[in-house]
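So this one's protein21.txt, compact mmCIF, C-alpha atoms:
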# COMPACT_ATOMS: atom_id res chain seq x y z
CA MET A 7 96.96 42.05 -31.42
CA SER A 8 95.93 45.61 -30.66
CA THR A 9 95.31 47.90 -33.59
CA MET A 10 97.27 51.12 -33.54
CA THR A 11 95.56 54.18 -34.90
CA LEU A 12 97.24 56.01 -37.71
CA PRO A 13 99.41 58.77 -36.25
CA PRO A 14 99.46 62.30 -37.70
CA PHE A 15 101.80 62.34 -40.69
CA GLU A 16 104.27 64.62 -38.91
CA ARG A 17 104.94 61.92 -36.35
CA PHE A 18 105.34 59.21 -39.00
CA TYR A 19 107.77 61.43 -40.91
CA GLU A 20 109.79 62.39 -37.83
CA GLN A 21 110.08 58.80 -36.80
CA HIS A 22 111.22 57.30 -40.09
CA ARG A 23 112.93 60.01 -42.13
CA ALA A 24 116.46 59.41 -40.84
CA GLU A 25 116.57 55.70 -41.45
CA ILE A 26 114.76 55.94 -44.78
CA PHE A 27 117.26 58.56 -45.90
CA GLY A 28 120.14 56.35 -44.72
CA PHE A 29 118.68 53.45 -46.64
CA LEU A 30 118.37 55.53 -49.83
CA VAL A 31 121.93 56.82 -49.46
CA ARG A 32 123.18 53.25 -49.26
CA ARG A 33 121.22 52.25 -52.33
CA LEU A 34 121.63 55.30 -54.54
CA GLY A 35 124.43 57.46 -53.21
CA ARG A 36 123.94 60.78 -51.51
CA ASP A 37 123.06 62.93 -54.52
CA ARG A 38 120.31 60.74 -55.89
CA ALA A 39 119.11 59.90 -52.41
CA GLU A 40 117.88 63.46 -51.85
CA ASP A 41 115.40 63.38 -54.73
CA ALA A 42 114.37 59.84 -53.87
CA PHE A 43 113.82 60.88 -50.26
CA GLN A 44 111.45 63.65 -51.22
CA GLU A 45 109.62 61.40 -53.66
CA THR A 46 109.30 58.67 -51.04
CA PHE A 47 107.61 60.86 -48.49
CA LEU A 48 105.44 62.67 -51.04
CA ARG A 49 104.23 59.30 -52.25
CA ALA A 50 103.66 58.19 -48.68
CA LEU A 51 101.71 61.39 -48.02
CA ARG A 52 99.46 60.76 -51.03
CA ALA A 53 98.65 57.23 -49.90
CA TYR A 54 98.55 57.96 -46.18
CA PRO A 55 94.82 58.62 -45.68
CA LYS A 56 94.03 55.29 -47.33
CA LEU A 57 95.82 53.36 -44.62
CA GLU A 58 93.45 51.84 -42.17
CA HIS A 59 95.68 51.59 -39.13
CA GLY A 60 99.11 52.51 -37.87
CA GLU A 61 100.74 49.10 -37.88
CA HIS A 62 103.81 48.18 -39.90
CA LEU A 63 104.34 51.78 -40.97
CA ARG A 64 108.06 51.34 -40.97
CA ALA A 65 107.91 48.38 -43.34
CA TRP A 66 105.45 50.34 -45.45
CA ALA A 67 107.88 53.28 -45.65
CA TYR A 68 110.63 50.90 -46.68
CA THR A 69 108.51 49.38 -49.45
CA ILE A 70 107.86 52.82 -50.90
CA ALA A 71 111.52 53.83 -50.63
CA SER A 72 112.56 50.52 -52.16
CA ARG A 73 110.24 50.94 -55.09
CA ILE A 74 111.56 54.41 -55.75
CA ALA A 75 115.14 53.17 -55.50
CA VAL A 76 114.29 50.43 -58.01
CA ASP A 77 112.67 52.97 -60.34
CA GLU A 78 115.80 55.06 -60.02
CA HIS A 79 117.97 52.17 -61.09
CA ARG A 80 115.59 51.04 -63.82
CA ARG A 81 117.10 47.67 -63.80
CA PRO A 82 115.39 44.35 -64.41
CA ARG A 83 114.73 42.56 -61.20
CA ALA A 84 116.17 39.23 -60.31
CA ASP A 85 114.34 36.71 -58.14
CA ALA A 86 111.04 37.60 -59.76
CA ASP A 87 109.10 34.73 -58.30
CA LEU A 88 106.20 36.97 -57.51
CA PRO A 89 104.13 39.11 -59.84
CA GLU A 90 105.15 42.65 -60.69
CA LEU A 91 104.09 44.99 -57.94
CA ALA A 92 104.92 48.35 -59.43
CA SER A 93 101.63 48.66 -61.29
CA LEU A 94 99.51 49.43 -58.26
CA ASP A 95 101.27 52.55 -57.25
CA GLY A 96 100.65 54.30 -53.99
CA ARG A 97 98.89 51.46 -52.25
CA PRO A 98 100.46 49.69 -49.32
CA ALA A 99 102.45 46.71 -50.49
CA PHE A 100 100.44 44.60 -48.09
CA ALA A 101 97.27 45.56 -49.87
CA GLN A 102 98.84 44.75 -53.22
CA LEU A 103 99.77 41.31 -52.06
CA GLU A 104 96.49 40.69 -50.37
CA HIS A 105 94.97 38.62 -53.16
CA LEU A 106 98.06 36.47 -53.18
CA ALA A 107 99.16 36.41 -49.61
CA ASP A 108 96.26 37.52 -47.52
CA GLN A 109 96.70 34.62 -45.16
CA LEU A 110 100.35 35.30 -44.41
CA PRO A 111 101.08 36.77 -41.02
CA PRO A 112 102.05 40.47 -41.39
CA THR A 113 105.73 39.96 -40.70
CA GLU A 114 106.06 37.19 -43.27
CA ARG A 115 104.09 39.19 -45.76
CA ALA A 116 106.32 42.23 -45.31
CA ALA A 117 109.47 40.13 -45.50
CA VAL A 118 108.32 38.47 -48.74
CA VAL A 119 107.38 41.78 -50.34
CA LEU A 120 110.59 43.53 -49.38
CA ARG A 121 112.79 40.63 -50.39
CA TYR A 122 111.17 39.52 -53.63
CA GLY A 123 109.26 42.60 -54.62
CA TYR A 124 112.00 45.10 -53.91
CA ASP A 125 115.18 43.14 -53.66
CA LEU A 126 116.16 44.46 -50.25
CA ASP A 127 118.88 42.63 -48.41
CA TYR A 128 118.02 40.96 -45.16
CA SER A 129 119.67 43.51 -42.91
CA ASP A 130 117.46 46.26 -44.35
CA ILE A 131 114.40 44.05 -44.08
CA GLY A 132 115.35 43.35 -40.49
CA ALA A 133 115.54 47.10 -39.91
CA ALA A 134 112.17 47.60 -41.55
CA LEU A 135 110.60 44.95 -39.38
CA GLY A 136 112.27 46.15 -36.23
CA SER A 137 114.20 42.91 -35.85
CA ASN A 138 117.39 41.63 -37.49
CA ALA A 139 118.69 39.96 -40.65
CA THR A 140 118.33 36.41 -39.34
CA ALA A 141 114.73 36.94 -38.28
CA ALA A 142 113.98 38.63 -41.62
CA ARG A 143 115.42 35.70 -43.57
CA GLN A 144 113.37 33.27 -41.54
CA ALA A 145 110.20 35.30 -42.01
CA ALA A 146 110.70 35.53 -45.78
CA SER A 147 111.33 31.84 -46.24
CA ALA A 148 108.47 30.90 -43.96
CA GLY A 149 106.25 33.15 -46.06
CA ILE A 150 107.43 31.65 -49.33
CA ARG A 151 106.91 28.14 -47.96
CA ARG A 152 103.41 29.01 -46.97
CA LEU A 153 102.66 30.54 -50.37
CA ARG A 154 103.97 27.45 -52.18
CA GLN A 155 101.77 25.22 -50.08
CA LYS A 156 98.78 27.33 -50.97
CA GLU A 157 99.57 27.16 -54.67
CA LEU A 158 99.69 23.37 -54.72
CA MET B 158 126.39 61.39 -41.40
CA ASN B 159 123.23 60.20 -43.09
CA ALA B 160 121.15 62.75 -41.29
CA VAL B 161 118.48 64.54 -43.28
CA SER B 162 119.86 68.05 -43.79
CA PRO B 163 117.70 71.02 -42.77
CA GLY B 164 117.60 72.04 -46.43
CA LEU B 165 116.27 68.68 -47.58
CA ASP B 166 113.79 68.59 -44.73
CA ARG B 167 112.54 72.04 -45.58
CA ARG B 168 112.29 71.17 -49.27
CA PHE B 169 110.09 68.19 -48.51
CA ARG B 170 107.87 70.16 -46.15
CA ASP B 171 107.44 72.95 -48.71
CA ALA B 172 106.73 70.49 -51.52
CA ALA B 173 104.14 68.66 -49.44
CA ALA B 174 102.29 71.94 -48.91
CA SER B 175 102.61 73.32 -52.43
CA GLU B 176 101.39 70.05 -53.95
CA GLY B 177 98.26 70.47 -51.86
CA LEU B 178 98.77 67.21 -50.00
CA LEU B 179 98.20 68.47 -46.46
CA ASP B 180 95.01 68.46 -44.45
CA ALA B 181 96.65 71.01 -42.19
CA ALA B 182 100.03 72.70 -41.98
CA TYR B 183 101.36 74.30 -38.82
CA ASP B 184 104.37 76.18 -37.56
CA LEU B 185 105.50 78.15 -34.57
CA VAL B 186 105.43 81.93 -34.82
CA ASP B 187 107.40 84.05 -32.35
CA SER B 188 105.55 86.90 -30.75
CA PRO B 189 105.77 89.26 -27.76
CA VAL B 190 103.08 87.13 -26.07
CA GLY B 191 105.11 83.97 -26.50
CA PRO B 192 105.45 81.44 -29.31
CA LEU B 193 102.18 80.85 -31.14
CA LEU B 194 101.33 77.59 -32.81
CA VAL B 195 99.60 78.62 -36.03
CA ALA B 196 97.83 76.17 -38.32
CA ALA B 197 96.13 76.46 -41.69
CA THR B 198 94.14 74.26 -44.03
CA LYS B 199 93.77 74.86 -47.75
CA ARG B 200 90.77 77.03 -46.92
CA GLY B 201 92.60 79.28 -44.52
CA LEU B 202 93.89 79.86 -41.04
CA CYS B 203 92.32 77.33 -38.69
CA ARG B 204 94.11 77.65 -35.35
CA ILE B 205 96.26 79.89 -33.20
CA SER B 206 97.32 78.40 -29.87
CA TYR B 207 99.12 79.88 -26.91
CA ASP B 208 101.41 77.68 -24.84
CA ALA B 209 100.80 74.83 -27.24
CA ASP B 210 102.01 71.36 -26.43
CA PRO B 211 102.99 70.41 -30.01
CA GLU B 212 102.22 66.71 -29.55
CA ARG B 213 98.73 67.36 -28.25
CA GLU B 214 98.09 70.01 -30.84
CA LEU B 215 99.21 67.59 -33.54
CA ASP B 216 96.65 65.04 -32.39
CA ARG B 217 93.93 67.67 -32.22
CA LEU B 218 94.66 68.95 -35.72
CA ALA B 219 94.66 65.39 -37.09
CA ARG B 220 91.37 64.64 -35.39
CA ASP B 221 89.73 67.84 -36.62
CA PHE B 222 91.12 68.13 -40.14
CA GLY B 223 92.66 64.79 -41.18
CA VAL B 224 95.83 62.77 -40.61
CA ARG B 225 97.97 64.60 -43.12
CA VAL B 226 99.24 67.20 -40.69
CA LEU B 227 102.78 68.43 -41.20
CA ARG B 228 104.88 71.23 -39.83
CA SER B 229 105.53 73.45 -42.81
CA ALA B 230 106.63 77.08 -42.73
CA LYS B 231 105.47 78.15 -46.17
CA PRO B 232 101.69 77.97 -45.76
CA ILE B 233 102.02 79.83 -42.46
CA ASP B 234 104.19 82.64 -43.84
CA PRO B 235 101.34 85.03 -44.70
CA ALA B 236 99.96 84.76 -41.16
CA ARG B 237 103.44 85.12 -39.71
CA ARG B 238 103.95 88.30 -41.70
CA GLU B 239 100.65 89.86 -40.64
CA LEU B 240 101.14 88.89 -37.00
CA ASP B 241 104.62 90.44 -37.05
CA GLU B 242 103.18 93.64 -38.48
CA TYR B 243 100.40 93.65 -35.91
CA PHE B 244 102.83 93.31 -33.02
CA GLU B 245 105.01 96.05 -34.50
CA GLY B 246 101.95 98.30 -34.45
CA ALA B 247 102.02 98.51 -38.24
CA ARG B 248 98.80 96.57 -38.86
CA ARG B 249 95.34 97.18 -37.47
CA GLU B 250 93.34 94.64 -39.45
CA PHE B 251 94.12 91.15 -40.60
CA ASP B 252 93.63 90.21 -44.18
CA LEU B 253 93.84 86.42 -44.08
CA PRO B 254 91.43 83.73 -45.25
CA LEU B 255 90.01 81.88 -42.25
CA ASP B 256 88.75 78.32 -42.05
CA VAL B 257 85.83 78.32 -39.63
CA THR B 258 83.99 75.40 -41.25
CA LEU B 259 84.17 73.31 -38.09
CA LEU B 260 82.41 75.84 -35.90
CA ALA B 261 78.77 75.70 -34.91
CA ASP B 262 76.50 78.33 -36.46
CA PHE B 263 76.16 80.34 -33.28
CA ASN B 264 79.92 80.46 -32.73
CA ARG B 265 80.47 81.53 -36.29
CA ARG B 266 77.90 84.28 -36.02
CA VAL B 267 79.40 85.62 -32.79
CA LEU B 268 82.92 85.48 -34.21
CA ARG B 269 81.79 87.29 -37.33
CA GLU B 270 80.46 90.10 -35.14
CA LEU B 271 83.63 89.99 -33.08
CA ALA B 272 85.71 90.48 -36.23
CA ARG B 273 83.94 93.84 -36.72
CA VAL B 274 85.09 95.25 -33.38
CA PRO B 275 87.72 97.76 -34.45
CA TYR B 276 91.34 97.86 -33.36
CA GLY B 277 91.83 99.73 -30.12
CA GLU B 278 88.18 99.49 -29.06
CA VAL B 279 86.46 97.20 -26.59
CA VAL B 280 82.98 95.77 -26.33
CA THR B 281 81.19 93.97 -23.48
CA TYR B 282 80.08 90.36 -23.63
CA GLY B 283 76.48 91.54 -23.45
CA GLU B 284 76.90 94.03 -26.27
CA LEU B 285 78.48 91.38 -28.46
CA ALA B 286 75.56 89.07 -27.65
CA THR B 287 73.14 91.80 -28.76
CA ARG B 288 75.05 92.35 -31.98
CA SER B 289 74.86 88.60 -32.58
CA ALA B 290 71.06 88.78 -32.29
CA ARG B 291 71.05 86.91 -28.97
CA PRO B 292 70.85 89.72 -26.41
CA ARG B 293 70.54 87.39 -23.42
CA ALA B 294 73.39 85.14 -24.38
CA ALA B 295 76.26 87.07 -22.77
CA ARG B 296 77.40 83.95 -20.96
CA ALA B 297 77.30 81.84 -24.11
CA VAL B 298 79.28 84.58 -25.84
CA GLY B 299 81.86 84.24 -23.08
CA THR B 300 82.14 80.55 -23.86
CA VAL B 301 82.58 81.27 -27.56
CA MET B 302 85.37 83.72 -26.70
CA ASN B 303 86.99 81.14 -24.46
CA ARG B 304 87.00 78.62 -27.29
CA ASN B 305 87.96 81.04 -30.04
CA PRO B 306 90.22 78.96 -32.30
CA LEU B 307 91.88 82.08 -33.74
CA PRO B 308 92.75 84.49 -30.92
CA ILE B 309 94.45 87.78 -31.86
CA VAL B 310 93.18 87.54 -35.46
CA LEU B 311 89.62 87.21 -34.19
CA PRO B 312 90.05 89.77 -31.42
CA CYS B 313 88.41 88.20 -28.37
CA HIS B 314 90.82 90.26 -26.27
CA ARG B 315 88.60 93.25 -27.12
CA VAL B 316 85.67 91.79 -25.21
CA ILE B 317 85.43 92.80 -21.56
CA GLY B 318 83.01 92.63 -18.64
CA ALA B 319 80.12 95.07 -18.14
CA ASN B 320 81.95 96.47 -15.10
CA GLY B 321 84.95 97.36 -17.23
CA LYS B 322 87.07 94.51 -15.89
CA LEU B 323 89.02 92.40 -18.33
CA THR B 324 87.22 89.34 -16.90
CA GLY B 325 89.01 86.46 -18.60
CA TYR B 326 91.10 85.29 -21.50
CA ALA B 327 91.92 81.78 -22.67
CA GLY B 328 95.57 82.79 -23.04
CA GLY B 329 95.67 84.41 -19.59
CA LEU B 330 94.73 87.92 -18.48
CA GLU B 331 98.28 89.16 -18.81
CA ARG B 332 98.19 88.59 -22.53
CA LYS B 333 94.81 90.25 -22.87
CA GLU B 334 96.27 93.28 -21.17
CA THR B 335 99.36 93.26 -23.37
CA LEU B 336 97.24 93.16 -26.52
CA LEU B 337 94.89 95.92 -25.37
CA ARG B 338 97.83 98.06 -24.35
CA LEU B 339 99.48 97.49 -27.71
CA GLU B 340 96.30 98.71 -29.39
CA GLY B 341 96.06 101.72 -27.11
CA ALA B 342 92.75 100.57 -25.65
CA ILE B 343 94.15 100.79 -22.12
CA LEU B 344 97.05 102.71 -20.68
Would you give me this structure, written as structure tokens?
Amino acid sequence: MSTMTLPPFERFYEQHRAEIFGFLVRRLGRDRAEDAFQETFLRALRAYPKLEHGEHLRAWAYTIASRIAVDEHRRPRADADLPELASLDGRPAFAQLEHLADQLPPTERAAVVLRYGYDLDYSDIGAALGSNATAARQAASAGIRRLRQKEL
Amino acid sequence: MNAVSPGLDRRFRDAAASEGLLDAAYDLVDSPVGPLLVAATKRGLCRISYDADPERELDRLARDFGVRVLRSAKPIDPARRELDEYFEGARREFDLPLDVTLLADFNRRVLRELARVPYGEVVTYGELATRSARPRAARAVGTVMNRNPLPIVLPCHRVIGANGKLTGYAGGLERKETLLRLEGAIL
């Protein structure tokens, strides 16, 4: 797999702002989505120089947006099979999961984080991964299976 | 229907700059010599480009100053204002902080001398070399002018050949002429 270099932030923002905003509107409604949008990209900007490469940026943007949407709702999360992720703010979700899931392939890792960490539905995860809901569901369950095997 | 409105977009870009999160901000500034791509770091103005290809310029800014490069009007507003005044003939000197940290010592020294050449006057490459304490370095001075990251504000258009010819200009001779005419240095 070739490693993509991290693009200038402008390009990352241009590329993902529309779909991230759409995602936040679906989750929070238009009014609250505006504040959440700004917060999402400010948070991304703070963490951006710590990223080591330009892969999975879309999924990364979705994890930040999801976390902010969850914070907005301030509701207890269902499906909490995995440890709380919100404590390590600003770091890529992949990095947060590293200790737990460092051997998962990136797609499975992202699917697991978005599904169980942030409660996204599979069509949004599919969008984040650049695939579709079916592929996202498969990736998440493959990831969970793999994690369970490791735990045993 | 879920498009990011211009207002929201602008709000984010302003906030990113005012929270000090950018390595470099840039924007386009209209001028009589064409649109200028103007960039600034927290330290000051770091680039003015003619005929800029925004994508290439974006990569260059990221490489030179860091990946957090964002188009943002607010940090560029002071430069935009002074450039407007200059082109209206209402300003003869720029009063903007400049970020020249990336430049080699020699370039910085030459550009510092260049900044002292008054509005409406010209100097030869050789004379500028002498003022920079390197009297034989006229050619090197020409290279520094050619690579001047802040044309107009650092007035390399005021440097001409010993024979009185305009010689060259990174933005094209036509622009050099326009700027000198604006300043009344040529008719």
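Minimum atom-to-atom distance to chain B, evaluated using all atoms listed in the file, belongs to A:Pro14 out of A:Pro112, A:Gly35, A:Gly149, A:Pro14.
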request  = Report the distance between atom CA of B:Pro189 and atom CA of B:Gly328 in Å, rounded to one decimal place.
outcome  =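 That distance, rounded to one decimal, is 13.0 Å.
In plain terms, chain A touches chain B through Pro13, Pro14, Phe15, Glu16, Ala24, Phe27, Gly28, Glu40, Gln44, Leu48, Leu51, Arg52 and Pro55 of chain A, where touching means an atom at most 7 Å away, counting only C-alpha atoms.
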Just give me the gap between atom CA of B:Asp262 and atom CA of B:Ala290 in Å, one decimal is fine.
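Value for the atom CA of B:Asp262-atom CA of B:Ala290 distance: 12.5 Å.
Distances from B:Leu194, B:Phe263, B:Ser188, B:Tyr282 to B:Arg213 were compared using all atoms listed in the file, and the smallest one belongs to B:Leu194.
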At a cut-off of 10 Å, using only C-alpha atoms, what residues contact stretch 66-82 of chain A? Leave out same-chain residues fewer than 6 positions from it and give the result as a PyMOL selection string.
chain A and resi 18-19+22-23+25-27+29-31+33-34+38-39+41-47+49-50+91-92+95-100+116+119-121+123-126+130-131+133-135
Practice prompt. In the coordinates of the file, take the point (81.9, 77.4, -33.7) and a cut-off of 12 Å; then, counting all atoms listed in the file, name each qualifying protein, DNA or RNA residue as a PyMOL selection string.
Written response: chain B and resi 203+256-269+297-298+300-307
Using all atoms listed in the file, determine which residues lie at most 12 Å from B:Phe244, disregarding the query and same-chain residues fewer than 6 positions distant; provide the list as a compact mmCIF listing (two decimals) with C-alpha atoms, in the frame of the given file.
# COMPACT_ATOMS: atom_id res chain seq x y z
CA VAL B 186 105.43 81.93 -34.82
CA ASP B 187 107.40 84.05 -32.35
CA SER B 188 105.55 86.90 -30.75
CA PRO B 189 105.77 89.26 -27.76
CA VAL B 190 103.08 87.13 -26.07
CA GLY B 191 105.11 83.97 -26.50
CA ARG B 237 103.44 85.12 -39.71
CA ARG B 238 103.95 88.30 -41.70
CA GLU B 250 93.34 94.64 -39.45
CA PHE B 251 94.12 91.15 -40.60
CA ILE B 309 94.45 87.78 -31.86
CA VAL B 310 93.18 87.54 -35.46
CA THR B 335 99.36 93.26 -23.37
CA LEU B 336 97.24 93.16 -26.52
CA LEU B 337 94.89 95.92 -25.37
CA ARG B 338 97.83 98.06 -24.35
CA LEU B 339 99.48 97.49 -27.71
CA GLU B 340 96.30 98.71 -29.39
Please indicate the distance in Å from atom CA of B:Leu255 to atom CA of B:Leu202, rounded to one decimal place.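 Atom-to-atom, atom CA of B:Leu255 to atom CA of B:Leu202, that is 4.5 Å.
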Place a sphere of radius 9 Å on (79.3, 93.7, -31.0) in the file coordinates and name every protein, DNA or RNA residue with an atom inside or on its surface, counting all atoms listed in the file; give the answer as a PDB file with C-alpha atoms, in the coordinates of the input.
ATOM      1  CA  VAL B 267      79.400  85.620 -32.790  1.00  0.00           C
ATOM      2  CA  GLU B 270      80.460  90.100 -35.140  1.00  0.00           C
ATOM      3  CA  LEU B 271      83.630  89.990 -33.080  1.00  0.00           C
ATOM      4  CA  ALA B 272      85.710  90.480 -36.230  1.00  0.00           C
ATOM      5  CA  ARG B 273      83.940  93.840 -36.720  1.00  0.00           C
ATOM      6  CA  VAL B 274      85.090  95.250 -33.380  1.00  0.00           C
ATOM      7  CA  VAL B 280      82.980  95.770 -26.330  1.00  0.00           C
ATOM      8  CA  THR B 281      81.190  93.970 -23.480  1.00  0.00           C
ATOM      9  CA  TYR B 282      80.080  90.360 -23.630  1.00  0.00           C
ATOM     10  CA  GLY B 283      76.480  91.540 -23.450  1.00  0.00           C
ATOM     11  CA  GLU B 284      76.900  94.030 -26.270  1.00  0.00           C
ATOM     12  CA  LEU B 285      78.480  91.380 -28.460  1.00  0.00           C
ATOM     13  CA  ALA B 286      75.560  89.070 -27.650  1.00  0.00           C
ATOM     14  CA  THR B 287      73.140  91.800 -28.760  1.00  0.00           C
ATOM     15  CA  ARG B 288      75.050  92.350 -31.980  1.00  0.00           C
ATOM     16  CA  SER B 289      74.860  88.600 -32.580  1.00  0.00           C
ATOM     17  CA  VAL B 316      85.670  91.790 -25.210  1.00  0.00           C
TER      18      VAL B 316
END
Generate the missing atoms of stretch 196-215 of chain B up to N, CA and C atoms and report them as a CSV table (one decimal), in the coordinates of the input.
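Printed below is result.csv as written:
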chain,number,residue,atom,x,y,z
B,196,ALA,N,98.1,77.2,-37.4
B,196,ALA,CA,97.8,76.2,-38.3
B,196,ALA,C,96.9,76.7,-39.4
B,197,ALA,N,97.0,76.1,-40.6
B,197,ALA,CA,96.1,76.5,-41.7
B,197,ALA,C,95.8,75.2,-42.5
B,198,THR,N,94.5,75.2,-43.0
B,198,THR,CA,94.1,74.3,-44.0
B,198,THR,C,94.2,74.9,-45.4
B,199,LYS,N,93.8,74.2,-46.4
B,199,LYS,CA,93.8,74.9,-47.8
B,199,LYS,C,92.8,76.0,-47.8
B,200,ARG,N,91.8,76.0,-46.9
B,200,ARG,CA,90.8,77.0,-46.9
B,200,ARG,C,91.2,78.3,-46.2
B,201,GLY,N,92.1,78.1,-45.2
B,201,GLY,CA,92.6,79.3,-44.5
B,201,GLY,C,93.1,78.9,-43.1
B,202,LEU,N,93.4,80.0,-42.4
B,202,LEU,CA,93.9,79.9,-41.0
B,202,LEU,C,92.9,79.1,-40.2
B,203,CYS,N,93.3,78.1,-39.5
B,203,CYS,CA,92.3,77.3,-38.7
B,203,CYS,C,92.6,77.3,-37.2
B,204,ARG,N,93.8,77.7,-36.8
B,204,ARG,CA,94.1,77.6,-35.4
B,204,ARG,C,95.3,78.5,-35.0
B,205,ILE,N,95.1,79.2,-33.8
B,205,ILE,CA,96.3,79.9,-33.2
B,205,ILE,C,96.2,79.5,-31.7
B,206,SER,N,97.3,78.9,-31.3
B,206,SER,CA,97.3,78.4,-29.9
B,206,SER,C,98.5,79.0,-29.1
B,207,TYR,N,98.1,79.5,-27.9
B,207,TYR,CA,99.1,79.9,-26.9
B,207,TYR,C,99.6,78.7,-26.2
B,208,ASP,N,100.9,78.7,-25.7
B,208,ASP,CA,101.4,77.7,-24.8
B,208,ASP,C,101.1,76.3,-25.4
B,209,ALA,N,101.2,76.1,-26.7
B,209,ALA,CA,100.8,74.8,-27.2
B,209,ALA,C,101.8,73.7,-26.9
B,210,ASP,N,101.2,72.6,-26.5
B,210,ASP,CA,102.0,71.4,-26.4
B,210,ASP,C,101.9,70.7,-27.8
B,211,PRO,N,103.1,70.8,-28.6
B,211,PRO,CA,103.0,70.4,-30.0
B,211,PRO,C,102.4,69.0,-30.2
B,212,GLU,N,102.7,68.1,-29.4
B,212,GLU,CA,102.2,66.7,-29.6
B,212,GLU,C,100.7,66.7,-29.4
B,213,ARG,N,100.2,67.4,-28.4
B,213,ARG,CA,98.7,67.4,-28.2
B,213,ARG,C,98.0,68.1,-29.4
B,214,GLU,N,98.7,69.2,-29.8
B,214,GLU,CA,98.1,70.0,-30.8
B,214,GLU,C,98.1,69.2,-32.1
B,215,LEU,N,99.1,68.4,-32.4
B,215,LEU,CA,99.2,67.6,-33.5
B,215,LEU,C,98.0,66.6,-33.6
